[in-house]
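Q: My structure is in work-v2.txt, and what it holds is compact mmCIF, N, CA, C and O atoms:
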# COMPACT_ATOMS: atom_id res chain seq x y z
N MET A 1 -15.60 5.28 -10.48
CA MET A 1 -15.02 4.45 -9.46
C MET A 1 -13.88 3.64 -10.09
O MET A 1 -14.00 3.16 -11.20
N THR A 2 -12.79 3.53 -9.34
CA THR A 2 -11.62 2.79 -9.80
C THR A 2 -11.19 1.81 -8.71
O THR A 2 -11.06 2.18 -7.55
N ILE A 3 -10.97 0.56 -9.11
CA ILE A 3 -10.45 -0.45 -8.20
C ILE A 3 -9.04 -0.79 -8.66
O ILE A 3 -8.81 -1.00 -9.84
N ARG A 4 -8.13 -0.83 -7.71
CA ARG A 4 -6.73 -1.04 -8.04
C ARG A 4 -6.10 -2.10 -7.15
O ARG A 4 -6.39 -2.17 -5.97
N ALA A 5 -5.23 -2.93 -7.73
CA ALA A 5 -4.48 -3.93 -6.97
C ALA A 5 -3.03 -3.87 -7.43
O ALA A 5 -2.77 -3.78 -8.63
N GLU A 6 -2.11 -3.91 -6.48
CA GLU A 6 -0.68 -3.86 -6.80
C GLU A 6 0.04 -4.96 -6.03
O GLU A 6 -0.34 -5.30 -4.91
N PHE A 7 1.09 -5.49 -6.63
CA PHE A 7 1.96 -6.46 -5.97
C PHE A 7 3.40 -6.10 -6.29
O PHE A 7 3.73 -5.84 -7.44
N THR A 8 4.24 -6.06 -5.28
CA THR A 8 5.66 -5.77 -5.47
C THR A 8 6.47 -6.78 -4.65
O THR A 8 6.20 -6.99 -3.47
N ALA A 9 7.44 -7.40 -5.29
CA ALA A 9 8.38 -8.28 -4.60
C ALA A 9 9.76 -7.64 -4.72
O ALA A 9 10.16 -7.24 -5.82
N SER A 10 10.46 -7.53 -3.60
CA SER A 10 11.77 -6.89 -3.67
C SER A 10 12.77 -7.56 -2.72
O SER A 10 12.40 -8.06 -1.68
N ARG A 11 14.01 -7.55 -3.15
CA ARG A 11 15.12 -7.99 -2.31
C ARG A 11 15.84 -6.72 -1.88
O ARG A 11 16.23 -5.92 -2.71
N ASN A 12 15.97 -6.55 -0.58
CA ASN A 12 16.48 -5.30 -0.06
C ASN A 12 17.88 -5.40 0.53
O ASN A 12 18.29 -4.58 1.32
N GLY A 13 18.62 -6.45 0.17
CA GLY A 13 19.99 -6.57 0.67
C GLY A 13 20.06 -7.40 1.93
O GLY A 13 19.31 -8.34 2.12
N LYS A 14 20.94 -6.98 2.84
CA LYS A 14 21.15 -7.72 4.08
C LYS A 14 21.02 -6.81 5.29
O LYS A 14 21.38 -5.64 5.23
N ILE A 15 20.48 -7.37 6.37
CA ILE A 15 20.42 -6.67 7.65
C ILE A 15 21.06 -7.60 8.67
O ILE A 15 20.59 -8.72 8.89
N LEU A 16 22.15 -7.13 9.28
CA LEU A 16 22.90 -7.92 10.26
C LEU A 16 23.28 -9.30 9.72
O LEU A 16 23.24 -10.30 10.41
N GLY A 17 23.61 -9.35 8.43
CA GLY A 17 24.05 -10.58 7.80
C GLY A 17 22.94 -11.47 7.28
O GLY A 17 23.20 -12.49 6.66
N PHE A 18 21.68 -11.11 7.52
CA PHE A 18 20.55 -11.90 7.04
C PHE A 18 19.98 -11.28 5.77
O PHE A 18 19.86 -10.06 5.67
N ASP A 19 19.62 -12.12 4.79
CA ASP A 19 18.94 -11.61 3.60
C ASP A 19 17.61 -11.02 4.01
O ASP A 19 16.91 -11.53 4.88
N TYR A 20 17.25 -9.90 3.36
CA TYR A 20 16.01 -9.20 3.68
C TYR A 20 15.22 -9.02 2.40
O TYR A 20 15.70 -8.44 1.44
N PHE A 21 13.99 -9.58 2.37
CA PHE A 21 13.14 -9.39 1.21
C PHE A 21 11.70 -9.18 1.67
O PHE A 21 11.32 -9.58 2.77
N THR A 22 10.91 -8.52 0.82
CA THR A 22 9.52 -8.20 1.15
C THR A 22 8.61 -8.47 -0.03
O THR A 22 9.02 -8.37 -1.18
N ASN A 23 7.37 -8.79 0.28
CA ASN A 23 6.28 -8.83 -0.69
C ASN A 23 5.24 -7.83 -0.22
O ASN A 23 4.82 -7.88 0.95
N THR A 24 4.83 -6.95 -1.10
CA THR A 24 3.85 -5.92 -0.74
C THR A 24 2.62 -6.08 -1.61
O THR A 24 2.72 -6.16 -2.83
N ARG A 25 1.46 -6.14 -0.96
CA ARG A 25 0.18 -6.18 -1.67
C ARG A 25 -0.62 -4.96 -1.25
O ARG A 25 -0.72 -4.65 -0.07
N LYS A 26 -1.21 -4.30 -2.24
CA LYS A 26 -1.97 -3.08 -1.95
C LYS A 26 -3.26 -3.11 -2.77
O LYS A 26 -3.22 -3.33 -3.98
N PHE A 27 -4.38 -2.92 -2.09
CA PHE A 27 -5.68 -2.86 -2.73
C PHE A 27 -6.32 -1.53 -2.39
O PHE A 27 -6.28 -1.10 -1.24
N SER A 28 -6.91 -0.88 -3.40
CA SER A 28 -7.54 0.40 -3.12
C SER A 28 -8.77 0.62 -3.99
O SER A 28 -8.91 0.03 -5.07
N LEU A 29 -9.63 1.48 -3.51
CA LEU A 29 -10.85 1.87 -4.20
C LEU A 29 -10.89 3.39 -4.23
O LEU A 29 -10.75 4.03 -3.18
N SER A 30 -11.02 3.97 -5.41
CA SER A 30 -11.12 5.43 -5.57
C SER A 30 -12.52 5.77 -6.03
O SER A 30 -13.06 5.12 -6.93
N TYR A 31 -13.09 6.80 -5.41
CA TYR A 31 -14.45 7.19 -5.75
C TYR A 31 -14.59 8.71 -5.70
O TYR A 31 -14.20 9.33 -4.71
N PRO A 32 -15.12 9.32 -6.75
CA PRO A 32 -15.32 10.77 -6.72
C PRO A 32 -16.52 11.14 -5.84
O PRO A 32 -17.63 10.66 -6.06
N ILE A 33 -16.26 11.97 -4.83
CA ILE A 33 -17.34 12.43 -3.94
C ILE A 33 -18.08 13.60 -4.60
O ILE A 33 -19.30 13.63 -4.67
N PHE A 34 -17.29 14.57 -5.06
CA PHE A 34 -17.81 15.72 -5.78
C PHE A 34 -17.01 15.85 -7.07
O PHE A 34 -16.13 15.02 -7.34
N ASP A 35 -17.25 16.89 -7.85
CA ASP A 35 -16.55 17.06 -9.13
C ASP A 35 -15.03 17.11 -8.97
O ASP A 35 -14.31 16.60 -9.80
N HIS A 36 -14.54 17.73 -7.91
CA HIS A 36 -13.10 17.95 -7.76
C HIS A 36 -12.50 17.24 -6.54
O HIS A 36 -11.37 17.52 -6.17
N ILE A 37 -13.27 16.38 -5.90
CA ILE A 37 -12.76 15.69 -4.71
C ILE A 37 -12.91 14.18 -4.90
O ILE A 37 -14.01 13.69 -5.17
N ILE A 38 -11.80 13.46 -4.78
CA ILE A 38 -11.79 12.01 -4.92
C ILE A 38 -11.28 11.41 -3.61
O ILE A 38 -10.28 11.87 -3.06
N THR A 39 -11.97 10.40 -3.13
CA THR A 39 -11.52 9.71 -1.92
C THR A 39 -10.93 8.36 -2.30
O THR A 39 -11.39 7.71 -3.24
N ASN A 40 -9.89 7.96 -1.59
CA ASN A 40 -9.24 6.67 -1.79
C ASN A 40 -9.23 5.94 -0.46
O ASN A 40 -8.83 6.50 0.56
N VAL A 41 -9.65 4.69 -0.46
CA VAL A 41 -9.57 3.84 0.73
C VAL A 41 -8.98 2.50 0.32
O VAL A 41 -9.17 2.05 -0.81
N GLY A 42 -8.25 1.90 1.23
CA GLY A 42 -7.65 0.62 0.90
C GLY A 42 -6.87 0.01 2.03
O GLY A 42 -6.91 0.47 3.17
N MET A 43 -6.12 -1.02 1.68
CA MET A 43 -5.33 -1.78 2.64
C MET A 43 -4.00 -2.15 2.00
O MET A 43 -3.94 -2.49 0.82
N GLU A 44 -2.93 -2.04 2.79
CA GLU A 44 -1.60 -2.42 2.34
C GLU A 44 -1.05 -3.47 3.30
O GLU A 44 -1.09 -3.29 4.51
N ARG A 45 -0.58 -4.58 2.73
CA ARG A 45 0.00 -5.66 3.54
C ARG A 45 1.44 -5.89 3.10
O ARG A 45 1.70 -6.12 1.91
N ILE A 46 2.37 -5.79 4.05
CA ILE A 46 3.79 -6.02 3.78
C ILE A 46 4.19 -7.29 4.51
O ILE A 46 4.04 -7.38 5.73
N GLU A 47 4.68 -8.27 3.76
CA GLU A 47 5.16 -9.52 4.35
C GLU A 47 6.66 -9.58 4.14
O GLU A 47 7.15 -9.47 3.02
N SER A 48 7.38 -9.73 5.23
CA SER A 48 8.83 -9.75 5.20
C SER A 48 9.33 -11.04 5.84
O SER A 48 8.67 -11.61 6.70
N ASN A 49 10.50 -11.48 5.42
CA ASN A 49 11.09 -12.65 6.07
C ASN A 49 11.58 -12.30 7.48
O ASN A 49 11.80 -13.19 8.29
N ILE A 50 11.72 -11.02 7.80
CA ILE A 50 12.03 -10.56 9.15
C ILE A 50 10.72 -9.99 9.72
O ILE A 50 10.23 -8.97 9.24
N ASP A 51 10.14 -10.67 10.71
CA ASP A 51 8.79 -10.33 11.19
C ASP A 51 8.64 -8.88 11.63
O ASP A 51 7.57 -8.31 11.50
N TYR A 52 9.69 -8.26 12.12
CA TYR A 52 9.62 -6.88 12.60
C TYR A 52 9.14 -5.93 11.49
O TYR A 52 8.48 -4.93 11.77
N PHE A 53 9.45 -6.24 10.25
CA PHE A 53 9.12 -5.35 9.13
C PHE A 53 7.80 -5.70 8.46
O PHE A 53 7.41 -5.05 7.49
N SER A 54 7.09 -6.72 8.92
CA SER A 54 5.79 -7.09 8.36
C SER A 54 4.70 -6.22 8.98
O SER A 54 4.76 -5.89 10.16
N SER A 55 3.70 -5.84 8.17
CA SER A 55 2.62 -5.01 8.70
C SER A 55 1.39 -5.09 7.81
O SER A 55 1.45 -5.49 6.65
N VAL A 56 0.26 -4.71 8.39
CA VAL A 56 -0.99 -4.55 7.66
C VAL A 56 -1.51 -3.16 8.03
O VAL A 56 -1.67 -2.85 9.21
N SER A 57 -1.76 -2.32 7.03
CA SER A 57 -2.14 -0.93 7.30
C SER A 57 -3.31 -0.50 6.42
O SER A 57 -3.22 -0.57 5.19
N PRO A 58 -4.40 -0.03 7.02
CA PRO A 58 -5.46 0.59 6.22
C PRO A 58 -5.05 2.03 5.89
O PRO A 58 -4.23 2.63 6.57
N PHE A 59 -5.60 2.56 4.81
CA PHE A 59 -5.33 3.97 4.49
C PHE A 59 -6.57 4.62 3.88
O PHE A 59 -7.45 3.95 3.34
N MET A 60 -6.61 5.93 4.01
CA MET A 60 -7.68 6.74 3.44
C MET A 60 -7.09 8.08 3.06
O MET A 60 -6.30 8.65 3.82
N SER A 61 -7.45 8.58 1.89
CA SER A 61 -6.95 9.89 1.47
C SER A 61 -8.00 10.61 0.65
O SER A 61 -8.93 10.01 0.13
N PHE A 62 -7.82 11.92 0.55
CA PHE A 62 -8.66 12.76 -0.28
C PHE A 62 -7.79 13.51 -1.25
O PHE A 62 -6.77 14.09 -0.86
N ASN A 63 -8.15 13.51 -2.51
CA ASN A 63 -7.41 14.24 -3.55
C ASN A 63 -8.28 15.38 -4.05
O ASN A 63 -9.46 15.15 -4.41
N PHE A 64 -7.72 16.55 -4.08
CA PHE A 64 -8.42 17.73 -4.58
C PHE A 64 -7.83 18.08 -5.94
O PHE A 64 -6.62 18.30 -6.06
N GLN A 65 -8.66 18.11 -6.96
CA GLN A 65 -8.21 18.41 -8.31
C GLN A 65 -8.82 19.73 -8.77
O GLN A 65 -10.02 19.92 -8.69
N PHE A 66 -7.95 20.62 -9.23
CA PHE A 66 -8.42 21.94 -9.69
C PHE A 66 -8.16 22.12 -11.16
O PHE A 66 -7.33 21.56 -11.74
How does the structure come out when it is put into structure tokens?

A:
Amino acid sequence: MTIRAEFTASRNGKILGFDYFTNTRKFSLSYPIFDHIITNVGMERIESNIDYFSSVSPFMSFNFQF
């Protein structure tokens, strides 16, 4: 099992003359289901100074390793 946390702060230039920047936080948990299948579940939160670009998104994925 692997627990992961990421943080990214970025300045993305200007949109319609306004400065645009974001902070992204991502938390995930990876767990092997079988020998060659790993599942990942987590949450990603994007906070922007322009509310339209802010979001909170859950995610889930499966990785197959051969």

Q: Within 5 Å of stretch 33-46 of chain A, counting all atoms listed in the file, which residues qualify if same-chain residues fewer than 5 places away don't, as a PyMOL selection string?

A: chain A and resi 23-28+53-65

Q: From a DSSP calculation on the backbone, collect every residue of chain A in strand (DSSP E or B) and output the set as a compact mmCIF listing (two decimals) with N, CA, C and O atoms, in the coordinates of the input.

A:
# COMPACT_ATOMS: atom_id res chain seq x y z
N THR A 2 -12.79 3.53 -9.34
CA THR A 2 -11.62 2.79 -9.80
C THR A 2 -11.19 1.81 -8.71
O THR A 2 -11.06 2.18 -7.55
N ILE A 3 -10.97 0.56 -9.11
CA ILE A 3 -10.45 -0.45 -8.20
C ILE A 3 -9.04 -0.79 -8.66
O ILE A 3 -8.81 -1.00 -9.84
N ARG A 4 -8.13 -0.83 -7.71
CA ARG A 4 -6.73 -1.04 -8.04
C ARG A 4 -6.10 -2.10 -7.15
O ARG A 4 -6.39 -2.17 -5.97
N ALA A 5 -5.23 -2.93 -7.73
CA ALA A 5 -4.48 -3.93 -6.97
C ALA A 5 -3.03 -3.87 -7.43
O ALA A 5 -2.77 -3.78 -8.63
N GLU A 6 -2.11 -3.91 -6.48
CA GLU A 6 -0.68 -3.86 -6.80
C GLU A 6 0.04 -4.96 -6.03
O GLU A 6 -0.34 -5.30 -4.91
N PHE A 7 1.09 -5.49 -6.63
CA PHE A 7 1.96 -6.46 -5.97
C PHE A 7 3.40 -6.10 -6.29
O PHE A 7 3.73 -5.84 -7.44
N THR A 8 4.24 -6.06 -5.28
CA THR A 8 5.66 -5.77 -5.47
C THR A 8 6.47 -6.78 -4.65
O THR A 8 6.20 -6.99 -3.47
N ALA A 9 7.44 -7.40 -5.29
CA ALA A 9 8.38 -8.28 -4.60
C ALA A 9 9.76 -7.64 -4.72
O ALA A 9 10.16 -7.24 -5.82
N SER A 10 10.46 -7.53 -3.60
CA SER A 10 11.77 -6.89 -3.67
C SER A 10 12.77 -7.56 -2.72
O SER A 10 12.40 -8.06 -1.68
N ARG A 11 14.01 -7.55 -3.15
CA ARG A 11 15.12 -7.99 -2.31
C ARG A 11 15.84 -6.72 -1.88
O ARG A 11 16.23 -5.92 -2.71
N ASN A 12 15.97 -6.55 -0.58
CA ASN A 12 16.48 -5.30 -0.06
C ASN A 12 17.88 -5.40 0.53
O ASN A 12 18.29 -4.58 1.32
N GLY A 13 18.62 -6.45 0.17
CA GLY A 13 19.99 -6.57 0.67
C GLY A 13 20.06 -7.40 1.93
O GLY A 13 19.31 -8.34 2.12
N LYS A 14 20.94 -6.98 2.84
CA LYS A 14 21.15 -7.72 4.08
C LYS A 14 21.02 -6.81 5.29
O LYS A 14 21.38 -5.64 5.23
N ILE A 15 20.48 -7.37 6.37
CA ILE A 15 20.42 -6.67 7.65
C ILE A 15 21.06 -7.60 8.67
O ILE A 15 20.59 -8.72 8.89
N PHE A 18 21.68 -11.11 7.52
CA PHE A 18 20.55 -11.90 7.04
C PHE A 18 19.98 -11.28 5.77
O PHE A 18 19.86 -10.06 5.67
N ASP A 19 19.62 -12.12 4.79
CA ASP A 19 18.94 -11.61 3.60
C ASP A 19 17.61 -11.02 4.01
O ASP A 19 16.91 -11.53 4.88
N TYR A 20 17.25 -9.90 3.36
CA TYR A 20 16.01 -9.20 3.68
C TYR A 20 15.22 -9.02 2.40
O TYR A 20 15.70 -8.44 1.44
N PHE A 21 13.99 -9.58 2.37
CA PHE A 21 13.14 -9.39 1.21
C PHE A 21 11.70 -9.18 1.67
O PHE A 21 11.32 -9.58 2.77
N THR A 22 10.91 -8.52 0.82
CA THR A 22 9.52 -8.20 1.15
C THR A 22 8.61 -8.47 -0.03
O THR A 22 9.02 -8.37 -1.18
N ASN A 23 7.37 -8.79 0.28
CA ASN A 23 6.28 -8.83 -0.69
C ASN A 23 5.24 -7.83 -0.22
O ASN A 23 4.82 -7.88 0.95
N THR A 24 4.83 -6.95 -1.10
CA THR A 24 3.85 -5.92 -0.74
C THR A 24 2.62 -6.08 -1.61
O THR A 24 2.72 -6.16 -2.83
N ARG A 25 1.46 -6.14 -0.96
CA ARG A 25 0.18 -6.18 -1.67
C ARG A 25 -0.62 -4.96 -1.25
O ARG A 25 -0.72 -4.65 -0.07
N LYS A 26 -1.21 -4.30 -2.24
CA LYS A 26 -1.97 -3.08 -1.95
C LYS A 26 -3.26 -3.11 -2.77
O LYS A 26 -3.22 -3.33 -3.98
N PHE A 27 -4.38 -2.92 -2.09
CA PHE A 27 -5.68 -2.86 -2.73
C PHE A 27 -6.32 -1.53 -2.39
O PHE A 27 -6.28 -1.10 -1.24
N SER A 28 -6.91 -0.88 -3.40
CA SER A 28 -7.54 0.40 -3.12
C SER A 28 -8.77 0.62 -3.99
O SER A 28 -8.91 0.03 -5.07
N LEU A 29 -9.63 1.48 -3.51
CA LEU A 29 -10.85 1.87 -4.20
C LEU A 29 -10.89 3.39 -4.23
O LEU A 29 -10.75 4.03 -3.18
N SER A 30 -11.02 3.97 -5.41
CA SER A 30 -11.12 5.43 -5.57
C SER A 30 -12.52 5.77 -6.03
O SER A 30 -13.06 5.12 -6.93
N TYR A 31 -13.09 6.80 -5.41
CA TYR A 31 -14.45 7.19 -5.75
C TYR A 31 -14.59 8.71 -5.70
O TYR A 31 -14.20 9.33 -4.71
N PRO A 32 -15.12 9.32 -6.75
CA PRO A 32 -15.32 10.77 -6.72
C PRO A 32 -16.52 11.14 -5.84
O PRO A 32 -17.63 10.66 -6.06
N ILE A 33 -16.26 11.97 -4.83
CA ILE A 33 -17.34 12.43 -3.94
C ILE A 33 -18.08 13.60 -4.60
O ILE A 33 -19.30 13.63 -4.67
N PHE A 34 -17.29 14.57 -5.06
CA PHE A 34 -17.81 15.72 -5.78
C PHE A 34 -17.01 15.85 -7.07
O PHE A 34 -16.13 15.02 -7.34
N ILE A 37 -13.27 16.38 -5.90
CA ILE A 37 -12.76 15.69 -4.71
C ILE A 37 -12.91 14.18 -4.90
O ILE A 37 -14.01 13.69 -5.17
N ILE A 38 -11.80 13.46 -4.78
CA ILE A 38 -11.79 12.01 -4.92
C ILE A 38 -11.28 11.41 -3.61
O ILE A 38 -10.28 11.87 -3.06
N THR A 39 -11.97 10.40 -3.13
CA THR A 39 -11.52 9.71 -1.92
C THR A 39 -10.93 8.36 -2.30
O THR A 39 -11.39 7.71 -3.24
N ASN A 40 -9.89 7.96 -1.59
CA ASN A 40 -9.24 6.67 -1.79
C ASN A 40 -9.23 5.94 -0.46
O ASN A 40 -8.83 6.50 0.56
N VAL A 41 -9.65 4.69 -0.46
CA VAL A 41 -9.57 3.84 0.73
C VAL A 41 -8.98 2.50 0.32
O VAL A 41 -9.17 2.05 -0.81
N GLY A 42 -8.25 1.90 1.23
CA GLY A 42 -7.65 0.62 0.90
C GLY A 42 -6.87 0.01 2.03
O GLY A 42 -6.91 0.47 3.17
N MET A 43 -6.12 -1.02 1.68
CA MET A 43 -5.33 -1.78 2.64
C MET A 43 -4.00 -2.15 2.00
O MET A 43 -3.94 -2.49 0.82
N GLU A 44 -2.93 -2.04 2.79
CA GLU A 44 -1.60 -2.42 2.34
C GLU A 44 -1.05 -3.47 3.30
O GLU A 44 -1.09 -3.29 4.51
N ARG A 45 -0.58 -4.58 2.73
CA ARG A 45 0.00 -5.66 3.54
C ARG A 45 1.44 -5.89 3.10
O ARG A 45 1.70 -6.12 1.91
N ILE A 46 2.37 -5.79 4.05
CA ILE A 46 3.79 -6.02 3.78
C ILE A 46 4.19 -7.29 4.51
O ILE A 46 4.04 -7.38 5.73
N GLU A 47 4.68 -8.27 3.76
CA GLU A 47 5.16 -9.52 4.35
C GLU A 47 6.66 -9.58 4.14
O GLU A 47 7.15 -9.47 3.02
N SER A 48 7.38 -9.73 5.23
CA SER A 48 8.83 -9.75 5.20
C SER A 48 9.33 -11.04 5.84
O SER A 48 8.67 -11.61 6.70
N SER A 55 3.70 -5.84 8.17
CA SER A 55 2.62 -5.01 8.70
C SER A 55 1.39 -5.09 7.81
O SER A 55 1.45 -5.49 6.65
N VAL A 56 0.26 -4.71 8.39
CA VAL A 56 -0.99 -4.55 7.66
C VAL A 56 -1.51 -3.16 8.03
O VAL A 56 -1.67 -2.85 9.21
N SER A 57 -1.76 -2.32 7.03
CA SER A 57 -2.14 -0.93 7.30
C SER A 57 -3.31 -0.50 6.42
O SER A 57 -3.22 -0.57 5.19
N PRO A 58 -4.40 -0.03 7.02
CA PRO A 58 -5.46 0.59 6.22
C PRO A 58 -5.05 2.03 5.89
O PRO A 58 -4.23 2.63 6.57
N PHE A 59 -5.60 2.56 4.81
CA PHE A 59 -5.33 3.97 4.49
C PHE A 59 -6.57 4.62 3.88
O PHE A 59 -7.45 3.95 3.34
N MET A 60 -6.61 5.93 4.01
CA MET A 60 -7.68 6.74 3.44
C MET A 60 -7.09 8.08 3.06
O MET A 60 -6.30 8.65 3.82
N SER A 61 -7.45 8.58 1.89
CA SER A 61 -6.95 9.89 1.47
C SER A 61 -8.00 10.61 0.65
O SER A 61 -8.93 10.01 0.13
N PHE A 62 -7.82 11.92 0.55
CA PHE A 62 -8.66 12.76 -0.28
C PHE A 62 -7.79 13.51 -1.25
O PHE A 62 -6.77 14.09 -0.86
N ASN A 63 -8.15 13.51 -2.51
CA ASN A 63 -7.41 14.24 -3.55
C ASN A 63 -8.28 15.38 -4.05
O ASN A 63 -9.46 15.15 -4.41
N PHE A 64 -7.72 16.55 -4.08
CA PHE A 64 -8.42 17.73 -4.58
C PHE A 64 -7.83 18.08 -5.94
O PHE A 64 -6.62 18.30 -6.06

Q: Rank A:Ser10, A:Phe66, A:Asp51, A:Thr2 by their smallest atom-to-atom distance to A:Leu29, using only N, CA, C and O atoms, and report the top residue only.

A: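 Going through A:Ser10, A:Phe66, A:Asp51, A:Thr2 one by one, the smallest distance to A:Leu29 is for A:Thr2.
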
Q: Contacts of A:Tyr20 at 4.5 Å or less, counting all atoms listed in the file, minus same-chain residues fewer than 4 places along, as a list in words?

A: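 In the requested form, the answer reads Arg11, Asn12 and Gly13 of chain A.
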
Q: Restricting the calculation to all atoms listed in the file: of A:Ser30, A:Leu16, A:Phe21, A:Thr8, which residue gets closest to A:Ile50?

A: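 So, comparing all the options, the nearest one is A:Phe21.
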
Q: In Å, how far is it from atom N of A:Ile3 to atom N of A:Glu47?

A: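 If I compute the distance from atom N of A:Ile3 to atom N of A:Glu47, I get 22.1 Å.
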
Q: Work out how far atom C of A:Asn49 is from atom O of A:Glu6, in Å to one decimal.

A: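 So the two atoms, atom O of A:Glu6 and atom C of A:Asn49, lie 18.6 Å apart.
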
Q: Grab the atom C of A:Tyr31 to atom CA of A:Ala5 distance for me, in Å with one decimal place.

A: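 Distance between the two atoms: 16.2 Å.
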